[in-house]
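See below for the structure under consideration.
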Amino acid sequence: MCLQNKGTRYLIGRSKLDALKKTTLNTFFEVCSHWKLKGGEHYKYNGQTNVITFYNGSEIMLKDLFLYPSDRNFDSLGSLEITGAFIDEANQVTEKAKNVLASRIRYKLDENNLVPKLFMSCNPAKNWVYSEYYRPSLDGSIRPYRKFIQAKVDDNAFISRHYKEQLSQMDLVSRKRLLDGDWEYDNSDDVLIDYGAITNMFTNKVEEGQRYITCDVARFGKDKSVVMLWNGLAVTQLKTFATNTITELAEYIKQLHNQYQVPLYNIIVDEDGVGGGLKDILRCRGFVNNSTALKKENYTNLKTQCYYKLSDLINKGQLSMCSVDVDIKADLIQELEQVKRTKIDADTKLSILSKDKIKDIIGRSPDYSDALMMRMYYEIDANTGKYFIQ
């Protein structure tokens with residue numbers, strides 16, 4: 001593309017620039033050599049600026065796409081103007097990085113009669129590349145301007161004859177991913193909820209019981225607010241608020257409270273952030289994620305304790321979910337797949353993957369699973385609510 005369209009500008013990105021220079025860049029040099037393109041004559045590489053400049057003025061920039069806490073919005077990409085881009089090992093970067101980079105593809109497109117193109121390579125991973133590309137390619141719902149192409153080890157004509165044998169000696173999960181190209185691999189060492197149990201949740205039949213309402217409140221206008229109405233351990237209604245005010249949320253929950261005669265002590269809302277205001281309006285129970293685990297159990301906080309309890313009930317088929325929109329179902333499944341243990345080998349309190357980590361992996365907040373998780377507050381301590389003072 002650089003050779004065909006003079007003066008254009010492309011980008012090669014990877015999670016870490018150091019890894020890009022040691023791997024992807026070396027492959028680039030090999031391809032140039034194969035094509036009889038000579039460094040110093042046809043192109044020049046500047047190791048200080050990390051830019052490859054061709055004889056016709058076209059450029060390829062090498063870019064670090066890691067999510068740094070100091071630049072969570074990828075403002076470092078904000079001033080870029082590029083003609084196209086390639087992300088190597090896309091499964092190692094966040095969906096937000098990909099989206100921001102894609103929005104920068106606008107340079108000299110019209111004058112060269114080009115359309116914006118972003119090429120990505122990856123290994124199988126249960127994150128946004130799975131939900132946005134692999135899974136839609138199977139069920140035919142992939143967006144018309146996207147294409148997923150499966151490639152396995154034997155498709156690479158240049159692979160070392162030893163590489164396949166080396167992959168076959170790896171652990172089972174790594175073999176499934178890297179050798180077989182299996183996207184449905186199961187890493188049971190850290191995943192808390194069985195994938196089959198998650199999907200069964202939408203067809204499970206459970207006993208009726210008390211009514212409950214749980215609500216995960218969007219933080220300061222971000223993410224989504226999710227309200228769930230429960231009958232025992234069955235979610236019977238789910239409503240999502242893409243944008244809302246605390247007053248609107250409160251009115252909706254009050255409506256459910258009156259219609260289904262849900263006791264105030266059976267209504268629980270996320271008290272962190274702006275949710276504290278909703279709790280005050282409703283005078284219901286507040287859920288503080290980082291508070292101490294109930295009954296002094298060995299968990300890092302209340303949220304972790306409730307997620308462990310949720311995992312147990314889902315795995316046993318004791319929780320059910322009402323019929324929901326296909327996109328909500330896909331999002332909820334994806335969120336529950338990210339409920340994973342951390343620090344497995346450490347002799348410390350039980351912990352799970354943090355919300356920020358999950359957001360980085362799936363590109364959004366796990367709002368649906370958090371609303372499910374809060375219902376477990378009442379399952380852990382049978383006395384919860386009995387001594388609740390309004």
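In the structure tokens, the first chain shown is A, the next is B, and so on; residue numbers restart at 1 for each chain, and ligands run from 1 in the order shown.
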Residues at most 12 Å from Glu251 (chain A), counting only C-alpha atoms, excluding those fewer than 6 positions away in the same chain, as a short mmCIF file (atom, residue, chain, number, x, y, z; two decimals) with N, CA and C atoms, in the first residue's frame?
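Written output follows (part_25.cif):
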data_model
loop_
_atom_site.label_atom_id
_atom_site.label_comp_id
_atom_site.auth_asym_id
_atom_site.auth_seq_id
_atom_site.Cartn_x
_atom_site.Cartn_y
_atom_site.Cartn_z
N VAL A 227 -31.45 -2.96 36.04
CA VAL A 227 -32.37 -3.31 37.13
C VAL A 227 -32.92 -4.70 36.87
N ASN A 244 -29.59 7.77 31.99
CA ASN A 244 -30.67 7.97 32.96
C ASN A 244 -30.23 8.94 34.05
N THR A 245 -31.23 9.41 34.77
CA THR A 245 -30.95 10.18 35.97
C THR A 245 -31.30 9.29 37.17
N HIS A 257 -41.46 -1.98 43.06
CA HIS A 257 -41.65 -2.19 44.49
C HIS A 257 -43.14 -2.27 44.83
N ASN A 258 -43.92 -1.36 44.26
CA ASN A 258 -45.36 -1.33 44.54
C ASN A 258 -46.11 -2.42 43.79
N LEU A 278 -29.25 7.10 44.99
CA LEU A 278 -30.41 6.25 44.73
C LEU A 278 -30.82 5.52 46.01
N ILE A 281 -32.76 7.87 48.25
CA ILE A 281 -34.13 8.13 47.79
C ILE A 281 -35.05 6.97 48.13
N LEU A 282 -34.56 5.74 47.85
CA LEU A 282 -35.39 4.55 48.04
C LEU A 282 -35.44 4.09 49.49
#
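Excluding region 151-161 of chain A and any residue on its chain fewer than 5 positions from it, the residues at most 7 Å away by only C-alpha atoms are Leu179, Asp180 and Gly181 of chain A.
From CA of Asp367 (chain A) back to CA of Pro124 (chain A), the distance works out to 24.7 Å.
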Contacts of Gly78 (chain A) at 10 Å (only C-alpha atoms; same-chain gap of 5+ positions) as number ranges by chain: A: 73, 100-101, 103-104
Prev. selection, C-alpha atoms, output as a PDB file, in the first residue's frame:
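Below is the file that was written, out03.pdb:
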ATOM      1  CA  ASN A  73      -8.706   7.165  26.748  1.00  0.00           C
ATOM      2  CA  VAL A 100      -9.681   4.843  18.752  1.00  0.00           C
ATOM      3  CA  LEU A 101      -7.068   3.722  16.230  1.00  0.00           C
ATOM      4  CA  SER A 103     -11.170   6.411  14.053  1.00  0.00           C
ATOM      5  CA  ARG A 104      -7.792   7.852  13.030  1.00  0.00           C
TER       6      ARG A 104
END
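When DSSP reads the backbone of this structure, the residues of region 280-387 of chain A it assigns to strand (DSSP E) are Arg285, Gly286, Phe287, Ser320, Met321, Arg341, Thr342, Ser351 and Ile352 of chain A.
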For the residues in the current selection, export N, CA and C atoms as a PDB file, in the first residue's frame.
ATOM      1  N   ARG A 285     -31.492  -1.093  50.817  1.00  0.00           N
ATOM      2  CA  ARG A 285     -30.152  -1.552  51.215  1.00  0.00           C
ATOM      3  C   ARG A 285     -29.135  -1.139  50.157  1.00  0.00           C
ATOM      4  N   GLY A 286     -27.944  -0.753  50.612  1.00  0.00           N
ATOM      5  CA  GLY A 286     -26.867  -0.395  49.699  1.00  0.00           C
ATOM      6  C   GLY A 286     -25.796  -1.473  49.664  1.00  0.00           C
ATOM      7  N   PHE A 287     -25.244  -1.691  48.486  1.00  0.00           N
ATOM      8  CA  PHE A 287     -24.193  -2.703  48.315  1.00  0.00           C
ATOM      9  C   PHE A 287     -22.867  -1.979  48.115  1.00  0.00           C
ATOM     10  N   SER A 320     -31.836 -18.965  37.387  1.00  0.00           N
ATOM     11  CA  SER A 320     -32.350 -18.866  36.018  1.00  0.00           C
ATOM     12  C   SER A 320     -32.491 -17.413  35.593  1.00  0.00           C
ATOM     13  N   MET A 321     -32.426 -17.211  34.284  1.00  0.00           N
ATOM     14  CA  MET A 321     -32.517 -15.877  33.698  1.00  0.00           C
ATOM     15  C   MET A 321     -33.674 -15.853  32.714  1.00  0.00           C
ATOM     16  N   ARG A 341     -10.589 -16.475  39.120  1.00  0.00           N
ATOM     17  CA  ARG A 341      -9.736 -16.357  40.298  1.00  0.00           C
ATOM     18  C   ARG A 341      -8.456 -15.611  39.939  1.00  0.00           C
ATOM     19  N   THR A 342      -7.904 -14.940  40.900  1.00  0.00           N
ATOM     20  CA  THR A 342      -6.562 -14.369  40.745  1.00  0.00           C
ATOM     21  C   THR A 342      -5.711 -14.831  41.928  1.00  0.00           C
ATOM     22  N   SER A 351      -9.647 -13.998  45.792  1.00  0.00           N
ATOM     23  CA  SER A 351      -9.872 -12.773  45.015  1.00  0.00           C
ATOM     24  C   SER A 351     -10.270 -13.132  43.598  1.00  0.00           C
ATOM     25  N   ILE A 352     -10.837 -12.169  42.904  1.00  0.00           N
ATOM     26  CA  ILE A 352     -11.237 -12.362  41.512  1.00  0.00           C
ATOM     27  C   ILE A 352     -10.683 -11.219  40.673  1.00  0.00           C
TER      28      ILE A 352
END
Would you list the contacts of Lys316 (chain A) as an NGL selection string, taking every protein, DNA or RNA residue within 10 Å and counting only C-alpha atoms, but skipping same-chain residues closer than 5 positions in sequence? :A and (193-194 or 197 or 201 or 310-311)
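Remark: for Trp230 (chain A), the closest of the candidate residues A:Arg143, A:Lys309, A:Arg375, A:Lys254 is A:Arg375 (distances computed over only C-alpha atoms).
Going from CA of Asp327 (chain A) to CA of Ser131 (chain A) covers 10.4 Å.
Between Tyr130 (chain A) and the residues A:Asn91, A:Gln338, A:Asn301, A:Gln166, the shortest atom-to-atom distance, using only C-alpha atoms, involves A:Asn91.
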Got a sec: who's within 10 Å of Asp270 (chain A), counting only C-alpha atoms, leaving out chain neighbours fewer than 6 positions off, as a ChimeraX atom specification? /A:214-219,225,276,278-279,285-289,370-371,374
